[in-house]
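**Student:** To start, I am sharing the structure in question, which I have written as structure tokens.
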Amino acid sequence: MLSGLLRRLPLAWAWRGLTSGSVVLFGALMFGNGVAYIYLMLVARVMSPGEYGTLVTLTSTSYVLAVVMRTIQAWVVKAVSSAPGGGARRVPGLFLTALRALVPVATVVLAGYWLASGWVADFLHLDSAVPVIVLGLYSFSSFLVPVPRGVLLGLNRLQLAGAVHVVEDLARLVGGLALVVLGLGVNGALAGYAIGNVVSFALALIWLWPLLARHRGQATQRDGLGGIDRYASVLLIANTCLMVMASVDQIAVKHFFSDQVAGNYAVAFLLGRVIVMSTVALGWVVFTRSATMPVADPRRLRLFATGLAVIGSIAAVLTAGYLVAPGLAIRLMGGSQYEFAADYVGLVGIEMTLFALVYVQAYYHISVKSMRIIWPLSLAVLLEISLLATYHDTVQQILLSLIIVMGTLLVCVSAMSWWMLRAAGRSSRVAVRGSPETAANTP
């Protein structure tokens, strides 16, 4: 009786919640993101503004690649978790099949970076093509990481998956910072990302090795990832559009302006990424919760409204801080050598606030399989690129163009959300009136 009472205590309930796998994984992801920002803050103080602008620009081009990696990881998770018997027997075949499919693709991507390195260096006004080739090595290693991490998540080993993520960011911090201090500059900082990938892949492989060895002889030729379906295609397109909108400004500034301007803008851009990272995390929560609810569940509307309110509040508070004390925000992020970044950070905050409200709504549409959301997202990307190619006399002009496009997109997406929720509300009321309970109580 006493033990049952203790189990009902709020403290015991809170402890079970804090030690659950999902909470530990979320905490590990947030901790890893914090380490990633510490890495960027430290290298900003070691590098010159020109070098730092190059680093942030090149890494921002990899955000679209991250979309592909998350899609691959989702496929692996689904394949393992949906297998009979918890998926353990299917892991070796799935693991090998995934690597056999991804390594050739990664090799082609690396070759593409190598062949295009000269053109990319000219476009971004780089003194050397070597950083582009190092970025290719980072991209190659990125294709390896989703496989073991997806297997761990599919097997519900969330704590281990979280540990892999943390180790990746810590290895990047230690290895990359050491290479920068040794004088390798941008090449060393980019190599740090590849080091993090290799270390995390090796650690996950060590943890999975007993399972791989135990069931190695039971792998079958049919253990594969399966083809990409229409829903996955929509998710991939939507994610790509969103990530392009979240990173195209840094690429444009690096192309059209000097290294000094690009380096200062990089600090403001990374402060805007704080809003983006919070939005991405919350967007996945809304997507996951909404996707598992029944179609007519009224909790979906509350979830949608809560998600918008939370991310809107976070973005508004951060943007207000950027507008009220831009110099303080810049000094905390990059130091006193980036003083001109204070001219940009307020507009970046406004842009990313609008993006945050679009992102959460877009993910809600995807969760209920409303495929039409890809059309306004795709048109917005085309409009942004067209405006940036035409209006780029000042950084402020670039930001105002993006704010106008993002504001228009927000109005369009909000109208689609209102129409969809209105239709869902009518369907829910019809379902309630037609239920057996309602019919039994009707005179």
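Labels for the structure tokens follow display order: chains A, B, ..., residues from 1 in each chain, ligands from 1.
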Neighbours of segment 111-117 of chain A within 8 Å (only C-alpha atoms; same-chain residues fewer than 3 positions away dropped), as an MDAnalysis selection string?

**Tutor:** chainID A and resid 107:108 120:121 129:130 132:133 135:136

**Student:** Using only C-alpha atoms, which residues sit within 12 Å of Asp343 of chain A once same-chain residues fewer than 6 positions away are excluded, as a compact mmCIF listing (two decimals) with all heavy atoms, in the first residue's frame?

**Tutor:**
```txt
# COMPACT_ATOMS: atom_id res chain seq x y z
N VAL A 261 31.42 42.24 -44.78
CA VAL A 261 29.96 42.31 -44.62
C VAL A 261 29.39 40.91 -44.38
O VAL A 261 28.54 40.71 -43.51
CB VAL A 261 29.31 42.97 -45.85
CG1 VAL A 261 27.80 42.87 -45.77
CG2 VAL A 261 29.74 44.42 -45.97
N ASN A 264 30.07 39.73 -40.81
CA ASN A 264 29.20 40.37 -39.82
C ASN A 264 27.77 39.82 -39.94
O ASN A 264 27.11 39.59 -38.92
CB ASN A 264 29.20 41.88 -40.02
CG ASN A 264 30.37 42.56 -39.34
OD1 ASN A 264 30.28 43.01 -38.21
ND2 ASN A 264 31.51 42.62 -40.05
N TYR A 265 27.32 39.63 -41.18
CA TYR A 265 25.96 39.11 -41.35
C TYR A 265 25.85 37.68 -40.81
O TYR A 265 24.78 37.28 -40.34
CB TYR A 265 25.55 39.13 -42.82
CG TYR A 265 24.11 38.73 -43.01
CD1 TYR A 265 23.08 39.63 -42.76
CD2 TYR A 265 23.76 37.44 -43.40
CE1 TYR A 265 21.76 39.27 -42.91
CE2 TYR A 265 22.44 37.06 -43.55
CZ TYR A 265 21.44 37.98 -43.30
OH TYR A 265 20.13 37.61 -43.43
N VAL A 267 27.00 36.43 -38.14
CA VAL A 267 26.67 36.43 -36.71
C VAL A 267 25.17 36.70 -36.52
O VAL A 267 24.49 36.03 -35.73
CB VAL A 267 27.52 37.47 -35.96
CG1 VAL A 267 27.11 37.54 -34.50
CG2 VAL A 267 28.99 37.11 -36.07
N ALA A 268 24.64 37.69 -37.26
CA ALA A 268 23.21 37.97 -37.18
C ALA A 268 22.40 36.77 -37.68
O ALA A 268 21.35 36.42 -37.11
CB ALA A 268 22.88 39.21 -38.01
N PHE A 269 22.87 36.12 -38.72
CA PHE A 269 22.21 34.95 -39.28
C PHE A 269 22.13 33.83 -38.24
O PHE A 269 21.09 33.18 -38.09
CB PHE A 269 22.98 34.48 -40.51
CG PHE A 269 22.48 33.21 -41.13
CD1 PHE A 269 21.35 33.19 -41.92
CD2 PHE A 269 23.14 32.01 -40.90
CE1 PHE A 269 20.89 32.02 -42.51
CE2 PHE A 269 22.70 30.83 -41.47
CZ PHE A 269 21.57 30.83 -42.27
N TYR A 322 16.56 41.30 -29.84
CA TYR A 322 17.45 41.71 -30.93
C TYR A 322 17.21 43.17 -31.33
O TYR A 322 18.14 43.89 -31.70
CB TYR A 322 17.26 40.82 -32.15
CG TYR A 322 17.58 39.36 -31.93
CD1 TYR A 322 17.07 38.37 -32.78
CD2 TYR A 322 18.39 38.95 -30.87
CE1 TYR A 322 17.37 37.03 -32.59
CE2 TYR A 322 18.69 37.61 -30.68
CZ TYR A 322 18.16 36.65 -31.53
OH TYR A 322 18.45 35.33 -31.34
N LEU A 323 15.94 43.61 -31.27
CA LEU A 323 15.62 44.98 -31.64
C LEU A 323 16.00 45.98 -30.55
O LEU A 323 16.45 47.09 -30.84
CB LEU A 323 14.12 45.10 -31.95
CG LEU A 323 13.63 44.39 -33.23
CD1 LEU A 323 12.11 44.38 -33.27
CD2 LEU A 323 14.18 45.10 -34.47
N VAL A 324 15.81 45.58 -29.29
CA VAL A 324 16.07 46.49 -28.17
C VAL A 324 17.56 46.58 -27.87
O VAL A 324 18.10 47.68 -27.63
CB VAL A 324 15.29 46.04 -26.92
CG1 VAL A 324 15.70 46.86 -25.69
CG2 VAL A 324 13.79 46.16 -27.16
N ALA A 325 18.26 45.45 -27.85
CA ALA A 325 19.68 45.45 -27.50
C ALA A 325 20.48 44.66 -28.54
O ALA A 325 21.05 43.61 -28.23
CB ALA A 325 19.88 44.84 -26.11
N PRO A 326 20.55 45.14 -29.78
CA PRO A 326 21.25 44.39 -30.82
C PRO A 326 22.74 44.25 -30.55
O PRO A 326 23.34 43.21 -30.82
CB PRO A 326 20.98 45.21 -32.09
CG PRO A 326 20.69 46.58 -31.61
CD PRO A 326 19.99 46.40 -30.30
N GLY A 327 23.35 45.30 -30.01
CA GLY A 327 24.79 45.24 -29.73
C GLY A 327 25.14 44.18 -28.71
O GLY A 327 26.14 43.46 -28.86
N ALA A 329 23.42 41.41 -28.04
CA ALA A 329 23.24 40.09 -28.66
C ALA A 329 24.42 39.72 -29.54
O ALA A 329 24.91 38.58 -29.52
CB ALA A 329 21.94 40.06 -29.48
N ILE A 330 24.93 40.70 -30.30
CA ILE A 330 26.06 40.45 -31.19
C ILE A 330 27.32 40.16 -30.40
O ILE A 330 28.09 39.23 -30.74
CB ILE A 330 26.27 41.64 -32.13
CG1 ILE A 330 25.06 41.80 -33.07
CG2 ILE A 330 27.55 41.47 -32.94
CD1 ILE A 330 24.75 40.60 -33.91
N GLY A 349 15.62 38.79 -37.13
CA GLY A 349 14.65 38.26 -36.16
C GLY A 349 13.22 38.33 -36.68
O GLY A 349 12.44 37.38 -36.51
N THR A 394 21.74 46.56 -50.99
CA THR A 394 22.16 46.58 -49.59
C THR A 394 21.66 45.31 -48.90
O THR A 394 20.74 44.64 -49.39
CB THR A 394 21.61 47.81 -48.84
OG1 THR A 394 20.17 47.72 -48.80
CG2 THR A 394 22.02 49.10 -49.53
N VAL A 395 22.25 45.01 -47.76
CA VAL A 395 21.79 43.86 -46.98
C VAL A 395 20.36 44.09 -46.51
O VAL A 395 19.54 43.17 -46.50
CB VAL A 395 22.73 43.61 -45.78
CG1 VAL A 395 22.18 42.52 -44.88
CG2 VAL A 395 24.12 43.24 -46.27
N GLN A 396 20.07 45.33 -46.12
CA GLN A 396 18.71 45.63 -45.66
C GLN A 396 17.69 45.40 -46.77
O GLN A 396 16.57 44.95 -46.49
CB GLN A 396 18.64 47.08 -45.17
CG GLN A 396 19.30 47.33 -43.82
CD GLN A 396 20.80 47.51 -43.91
OE1 GLN A 396 21.39 47.36 -44.98
NE2 GLN A 396 21.42 47.85 -42.79
N LEU A 399 16.98 41.72 -46.90
CA LEU A 399 16.15 41.30 -45.78
C LEU A 399 14.70 41.76 -45.94
O LEU A 399 13.77 41.01 -45.64
CB LEU A 399 16.74 41.81 -44.47
CG LEU A 399 18.01 41.11 -43.99
CD1 LEU A 399 18.63 41.85 -42.81
CD2 LEU A 399 17.70 39.67 -43.60
```

**Student:** So, with only C-alpha atoms as the atoms that count, which of A:Arg422, A:Arg331, A:Arg273, A:Arg372 lies closest to Gly34 of chain A?

**Tutor:** A:Arg273

**Student:** So which residues touch His255 of chain A within 9 Å, counting only C-alpha atoms, skipping near sequence neighbours fewer than 5 positions away, as a ChimeraX atom specification?

**Tutor:** /A:123-125,250,262

**Student:** Which of these residues is nearest to Ala266 of chain A, using only C-alpha atoms: A:Val181, A:Leu211, A:Ile404, A:Met333?

**Tutor:** A:Met333
